[in-house]
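Q: Attaching a single structure in structure tokens format; questions to follow.
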Amino acid sequence: MVVVKEYRIPMPFTVEEYRRGNMYCLRKHLLSEAGAAGGAEIIEIGQTEHPIVGNCQFVKRRYALDESFPSFMRAISTNGTTLEEFHNSSLPVSSSIMKLPAFQSFMLRIDTLLLEDCGTTPNAFNLPANALSKRQVQIIDIAKATTKLTSTLENGQTLGSLAANWQKTEKKMMCVYKLVTVEFEYWGLKSAVENYMQTCEEETSVIHNQRVFCWSSQWLGHSLAEVESYSKAVSERVALLIKMRSRKASTADLRALPPVSPARAAAPAEEEPEPAPAGH
């Protein structure tokens, strides 16, 4: 049976504020990914027209099935097997698809929607009755969820600054709805792989939204135009780093780009990442 979970993550912002914070934190993390060896490899970045999201930012990543993945996934893979992600974002709506090219039966889909509530919309994705009967709902409190980032992030504010009953006392409140669908037809490993991918997506979502809150001092004072300008600058830099891996651009080209930080950034400008060696 296909595993369908709907994660609801309340956040102490308006939807408009969250759009800025989400864009800033995604691009900041994207920049660190592009300059690092190993982990996620960014293959392509740009604008596209998506049938659901519309005109949006497109990012394609590739993940090698290395030691960070559980043994049961590595056992069914061959050398060079990768997990590919196709992410389309134009909040308040975004959509991602993950595939294992070696296994046509594998599919992970993540649909995201932002609403001005506290996770109380019963059917945010307008699912039909048969899909609703399979859906599991989980509400996540970023202040209580345990991850590697539950203290403070790069001199940002701590999650501890949220009161125990913050969802009832905060004046501003919105919710990130994530509908995660996992399907993998492989005898003996179906449930293990589907549950593992759900767990990964849950932790990834929690960590990202903890970043949005803890880094809010870095983006909350900036306008949407400033954060969009920052996003565009990061995209240009990442696209150039991709070219550098294939020797189609040089360090001199990278240095010619303007600094990557919002126009009135209170935080220090981003450090220049070193390009990953070719072949990684």
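Following the order of the structure tokens, chains are lettered A, B, ..., residues in each are numbered from 1, and ligands are numbered from 1.
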Near Thr82 of chain A, counting only C-alpha atoms, which residues have an atom at most 7 Å away, once you skip same-chain residues fewer than 5 positions from it, shown as number ranges by chain?
A: A: 62-65, 100
Q: Could the residues in this selection be written to a file with all heavy atoms, as a compact mmCIF listing (two decimals), in the first residue's frame?
A:
# COMPACT_ATOMS: atom_id res chain seq x y z
N ARG A 62 21.12 15.45 -7.29
CA ARG A 62 21.41 14.03 -7.36
C ARG A 62 22.11 13.63 -6.06
O ARG A 62 23.01 14.30 -5.58
CB ARG A 62 22.33 13.73 -8.55
CG ARG A 62 22.67 12.24 -8.72
CD ARG A 62 23.68 12.06 -9.85
NE ARG A 62 23.09 12.47 -11.12
CZ ARG A 62 23.80 13.00 -12.13
NH1 ARG A 62 25.09 13.25 -11.97
NH2 ARG A 62 23.20 13.30 -13.26
N TYR A 63 21.64 12.52 -5.46
CA TYR A 63 22.21 12.01 -4.22
C TYR A 63 22.79 10.61 -4.48
O TYR A 63 22.07 9.73 -4.95
CB TYR A 63 21.15 11.90 -3.11
CG TYR A 63 20.42 13.17 -2.80
CD1 TYR A 63 19.34 13.59 -3.57
CD2 TYR A 63 20.79 13.98 -1.72
CE1 TYR A 63 18.64 14.75 -3.29
CE2 TYR A 63 20.11 15.14 -1.43
CZ TYR A 63 19.03 15.53 -2.22
OH TYR A 63 18.35 16.69 -1.94
N ALA A 64 24.05 10.42 -4.17
CA ALA A 64 24.64 9.09 -4.29
C ALA A 64 24.17 8.24 -3.11
O ALA A 64 24.06 8.73 -1.98
CB ALA A 64 26.16 9.17 -4.29
N LEU A 65 23.87 6.97 -3.37
CA LEU A 65 23.46 6.07 -2.28
C LEU A 65 24.71 5.59 -1.55
O LEU A 65 25.20 4.49 -1.76
CB LEU A 65 22.66 4.88 -2.84
CG LEU A 65 21.30 5.21 -3.44
CD1 LEU A 65 20.56 3.95 -3.84
CD2 LEU A 65 20.44 6.00 -2.46
N LEU A 100 14.39 6.96 -8.24
CA LEU A 100 15.58 6.11 -8.35
C LEU A 100 15.59 5.58 -9.78
O LEU A 100 14.80 4.68 -10.10
CB LEU A 100 15.51 4.94 -7.36
CG LEU A 100 15.93 5.19 -5.91
CD1 LEU A 100 15.54 4.00 -5.04
CD2 LEU A 100 17.43 5.45 -5.82
Q: Neighbours of segment 202-204 of chain A within 10 Å (only C-alpha atoms; same-chain residues fewer than 4 positions away dropped), as a PDB file with C-alpha atoms, in the first residue's frame?
A:
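Wrote it out as around-v4.pdb, contents follow:
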ATOM      1  CA  LYS A   5       1.372  11.347   5.199  1.00  0.00           C
ATOM      2  CA  GLU A   6       0.354  14.956   5.671  1.00  0.00           C
ATOM      3  CA  TYR A   7       2.714  16.931   7.881  1.00  0.00           C
ATOM      4  CA  GLN A 138       0.952  14.504  11.869  1.00  0.00           C
ATOM      5  CA  ILE A 140       4.847  18.969  14.195  1.00  0.00           C
ATOM      6  CA  ALA A 145      10.922  18.194  17.628  1.00  0.00           C
ATOM      7  CA  THR A 146      14.367  16.732  18.303  1.00  0.00           C
ATOM      8  CA  THR A 147      16.904  17.144  15.492  1.00  0.00           C
ATOM      9  CA  LYS A 148      20.569  18.039  15.150  1.00  0.00           C
ATOM     10  CA  LYS A 178       3.266  18.941   3.336  1.00  0.00           C
ATOM     11  CA  VAL A 180       4.280  13.216   1.222  1.00  0.00           C
ATOM     12  CA  TYR A 196      12.533   5.268   5.714  1.00  0.00           C
ATOM     13  CA  MET A 197      11.802   7.913   3.053  1.00  0.00           C
ATOM     14  CA  GLN A 198       8.884   9.258   5.120  1.00  0.00           C
ATOM     15  CA  HIS A 208      14.383  23.481   7.449  1.00  0.00           C
ATOM     16  CA  ASN A 209      11.601  25.137   9.438  1.00  0.00           C
ATOM     17  CA  GLN A 210      13.784  25.327  12.536  1.00  0.00           C
TER      18      GLN A 210
END
Q: Could you pull out all residues of segment 44-216 of chain A with a DSSP call of strand (DSSP E) and give them as number ranges by chain?
A: A: 44-50, 54-64, 82-90, 93-100, 103-115, 135-139, 174-183
Q: List the neighbours of segment 25-29 of chain A out to 8 Å using only C-alpha atoms; skip same-chain residues closer than 3 positions along the sequence, and give me the result as a list in words.
A: Gly21, Asn22, Ser32, Glu33, His208, Arg211, Val212, Trp215, Ser231, Val234 and Ser235 of chain A
Q: Okay, now the selection with C-alpha atoms, as a short mmCIF file (atom, residue, chain, number, x, y, z; two decimals), in the first residue's frame?
A:
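Output below, filename part-v1.cif:
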data_model
loop_
_atom_site.label_atom_id
_atom_site.label_comp_id
_atom_site.auth_asym_id
_atom_site.auth_seq_id
_atom_site.Cartn_x
_atom_site.Cartn_y
_atom_site.Cartn_z
CA GLY A 21 12.18 33.29 5.20
CA ASN A 22 11.73 30.10 3.22
CA SER A 32 26.51 25.58 0.92
CA GLU A 33 25.45 22.44 -1.00
CA HIS A 208 14.38 23.48 7.45
CA ARG A 211 16.27 27.18 10.34
CA VAL A 212 13.56 29.57 9.13
CA TRP A 215 17.66 32.58 11.21
CA SER A 231 17.85 34.38 -4.36
CA VAL A 234 22.62 32.65 -5.29
CA SER A 235 21.10 30.96 -8.34
#
Q: Excluding same-chain residues fewer than 5 positions from Ile45 of chain A, what lies within 12 Å of it counting only C-alpha atoms, as a PyMOL selection string?
A: chain A and resi 27+30-31+34+56-61+85-89+231-232+234-243
Q: Could you tell me how far atom CA of Val176 of chain A lies from atom CA of Gly119 of chain A, in Å and to one decimal?
A: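 According to the coordinates, atom CA of Val176 of chain A and atom CA of Gly119 of chain A are separated by 7.8 Å.
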Q: Quick one: of A:Thr14, A:Ile42, A:Asn130, A:Arg19, who's nearest to Ala225 of chain A, counting only C-alpha atoms?
A: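 So, comparing all the options, the nearest one is A:Arg19.
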Q: Nearest residue to Ser90 of chain A out of A:Met23, A:Leu127, A:Cys118, A:Ile110, using only C-alpha atoms?
A: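 Closest to Ser90 of chain A of all the choices is A:Met23.
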Q: What separation in Å, quoted to one decimal, exists between atom CA of Tyr186 of chain A and atom CA of Leu83 of chain A?
A: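 Atom CA of Leu83 of chain A lies at a distance of 16.1 Å from atom CA of Tyr186 of chain A.
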Q: What is the atom CA of Ser105 of chain A-atom CA of Glu185 of chain A distance in Å, reported with one decimal?
A: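 Answer for the atom CA of Ser105 of chain A to atom CA of Glu185 of chain A separation: 5.4 Å.
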Q: Of the candidates A:Glu49, A:Glu16, A:Asp141, A:Glu116, which shows the shortest atom-to-atom distance to Leu91 of chain A, using only C-alpha atoms?
A: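 Checking each of A:Glu49, A:Glu16, A:Asp141, A:Glu116 against Leu91 of chain A, counting only C-alpha atoms, the winner is A:Glu16.
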Q: Just checking: using only C-alpha atoms, which residue out of A:Val4, A:Ser95, A:Trp166, A:Glu201 ends up closest to Leu132 of chain A?
A: A:Val4
Q: Could you tell me, as a PyMOL selection string, which residues of segment 7-230 of chain A DSSP assigns to helix (DSSP H, G or I) when given the backbone?
A: chain A and resi 15-34+71-75+129-132+159-161+166-169+190-214+216-219+224-230
